[in-house]
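See structure below.
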Amino acid sequence: MKTTLVSIVLTLLIFSAFILPSTFAQDYIKWKLPEGATARLGKSTIEEIKYSPDGTLLAVASEIGIWLYDAKNGKELNLLIGNTARVNSISFSPDGKTLAGVSRLNVRLWDVATGSHLRILTTHSGYTIIYRPDGKVLAIGGLNGGSDNVVNLLDAESGERLHTFMKHKGKITTVSFSPDGSILASGDEDGFIHLWDVFSGAHLWTFKRQKILRSHNSGVTSVSFSPDGKTLASSSKGGVVRLWNVEPGDHLRILKGHKDNVESISFSPDGKTLASGCWDRTIRMWDVASGAHLRTFKGHTGVIRSISFSSDGKTLASGSWDQTIRFWDITSGSHIRTITGHTSRLHSVSFSPDGNTIAGGYGGYFDNSIHLWDAKSSQHLRTFKGHEYPVESVSFSPDGKTLVSGSQDKTICLWDAVSGAHLRTFIGHTNAVVSVSFSPDGKTLASGSYDKTIRLWDVVSGAHLRTFADHKSKVYSVLFSPNGKSLASGSEDKTIRLWNVVTGSHLRTLKGHKRTVESVSFNPDGKVIASGSWDQTIRLWDAESGGHLRTLNGHKGWVGCVSFSPDGKTLASGSFGDTIRLWDVTSGVVLHTFKGNSPYRTIVVYSPDGNTLVSGNRDGTILHWKLTPKQSK
């Protein structure tokens with residue numbers, strides 16, 4: 001009996017090792033991290049979703065890679081990485097063993113079972129990709145040596161180019177194979193749909209509506225063949241869904257009801273029903289034979305970006321720019337479950353003064369929110385919503401009780417950091433507010449805007465106190481000095497300006513950068529200012545005299561963020577190109593370079609104890625980097 005129990009325990013332990021990612025979903029925060037990083041907050045964006053052929057998996061294309069989920073319970077199974085650019089489109093091979101993804105850089109293949117990257121099929125890039133039903137050919141629509149109006153057929157094994165279709169004049173947005181693989185349909189943003197002979201490469205015909213040349217009055221967003229291959233469905237930015245007779249190409253009917261752009265369409269496996277996802281945040285089900293509207297699914301708070309039927313036709317999955325994935329019961333129309341954790345693009349990161357909480361400001365595709373995360377456990381705490389456009393800057397008050405956010409919607413909002421309640425909105429800027437900063441005593445707020453001005457506000461009353469308007473171009477960064485008596489600002493006019501907070505007078509201008517100054521930072525004693533610029537350099541300045549102390553060279557992309565360590569001995573810098581450098585402030589020597597997975601702007605901020613560095617990327621993720629004594633000095 002004892003031997004049997006031991007065997008059972010060992011069997012369970014071995015089994016748990018294999019199912020660990022799906023059993024303990026929170027483990028995904030540590031999957032496929034760059035070297036030196038300890039955790040990832042957020043799963044990045046949702047670009048496209050696809051069911052596997054057997055219906056057991058759901059794949060989600062994002063800016064950091066491809067997420068694989070268990071389609072039945074929504075648990076995370078794997079993250080497929082390798083791309084250094086957003087994965088625009090994905091396609092399972094017919095046998096479900098391989099997943100292809102296309103970005104603006106290349107086409108990559110992954111082994112679905114192991115999650116391993118197989119190979120780069122070609123450096124041809126594109127917007128949309130699909131396997132031919134026999135799995136031997138891939139169709140890619142989009143970029144081709146700078147041209148985005150071609151469709152290429154590639155051998156799925158070797159990457160050899162078989163045919164190039166060049167009839168389109170507009171950007172290719174969608175491609176679809178007929179069920180027998182003999183015909184390819186392609187749609188473009190000019191409203192045209194073309195059919196091609198896959199084997200000969202010949203152009204067959206263009207779908208037209210009576211005497212109207214174009215297939216749609218506006219851009220085609222999706223095309224899909226019915227399972228029997230006799231009907232083609234198409235959708236457009238004009239909110240219209242159309243059905244076509246594949247041969248001889250005549251228009252059958254129009255499906256009306258959506259109130260905005262239709263982004264995605266999909267036939268049910270039996271071909272009797274068509275689903276369409278729209279910018280009006282709804283999914284509609286249509287009877288293919290009659291064109292009648294059957295049902296509407298509601299629940300998403302953002303654009304429906306992509307939809308996909310399960311192989312048995314009983315479930316529909318939808319991915320939205322509200323950064324959630326929802327599963328729906330087709331028969332009842334009821335919502336089954338939601339996958340969360342995906343985010344829109346990240347614009348700003350801030351640590352709470354006690355180091356326990358991280359705030360991220362996000363924006364884009366109708367998800368303009370602020371997320372709070374527990375810095376130790378990496379658990380998501382809460383979401384603040386209210387801004388209409390991307391949140392460009394977030395910052396905690398000195399006591400950590402209040403959070404401020406600046407947005408492209410020209411407003412500044414105060415939030416209760418504990419409850420999430422909205423406290424106040426400051427209105428006055430005439431363009432995007434891209435930087436906000438509390439004074440050390442927490443009584444005053446500074447905001448920098450693309451309207452070329454800096455404004456000071458009374459935090460308690462909300463009153464506007466003063467405006468600084470000497471910059472000649474957009475203001476990108478504002479920061480109070482540690483003693484609260486002065487304010488530094490960085491601008492598109494290539495300068496850093498210092499201001500007297502009490503009198504409002506301009507103290508001095510620091511000149512030397514050759515391009516936009518995007519970030520400024522005071523060291524802890526307020527004697528040194530660091531500035532990061534689009535000229536790929538960092539400059540250190542004497543805050544009292546304005547004298548130039550040193551230039552730090554090494555970044556190969558724009559320096560979008562600089563941040564002093566709490567002891568002032570080290571400076572962290574983040575750049576476009578996804579490198580983070582740590583510099584010895586005294587010598588100017590690079591102490592360490594961190595490399596991530598993303599080519600976008602990198603934001604960096606130290607934890608209050610100086611032991612951890614947090615970086616944020618425009619791909620929507622936040623990474624934790626644990627610093628060694630040598631790195632943190």
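Chain labels follow the order of the structure tokens: the first chain is A, the next B, and so on; residue numbering restarts at 1 in every chain, and ligands are counted from 1 in their shown order.
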
Find the residues around Gly249 (chain A) up to 12 Å (only C-alpha atoms counted), leave out those fewer than 6 positions away in its own chain, and share them as an MDAnalysis selection string.
-> chainID A and resid 185 193:195 204:210 215 230:233 243

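Using only C-alpha atoms, the smallest distance between any of A:Ile358, A:Leu105, A:Ile454, A:Cys413 and Leu372 (chain A) comes from A:Ile358.
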
Which one is closest to Pro524 (chain A): A:Thr551, A:Gln536, A:Ser481, A:Thr430? Count only C-alpha atoms.
-> A:Ser481

Tell me, which residues of region 333-560 of chain A carry DSSP strand (DSSP E or B), written as a PyMOL selection string?
-> chain A and resi 335-339+345-351+357-363+369-374+380-385+391-396+402-407+411-416+422-427+433-438+444-449+454-458+464-468+475-480+486-491+496-500+506-510+517-522+528-533+538-542+548-552+559-560

Exercise: Ser320 (chain A) partners within 12 Å, only C-alpha atoms, chain neighbours under 3 positions left out, as a PyMOL selection string | chain A and resi 45-49+60+263-264+277-283+298-307+317+323-327+338-340+342-344+364-367

Please run DSSP on the backbone and report, as a ChimeraX atom specification, all residues within region 1-247 of chain A that come out as helix (DSSP H, G or I).
-> /A:2-23,25-30
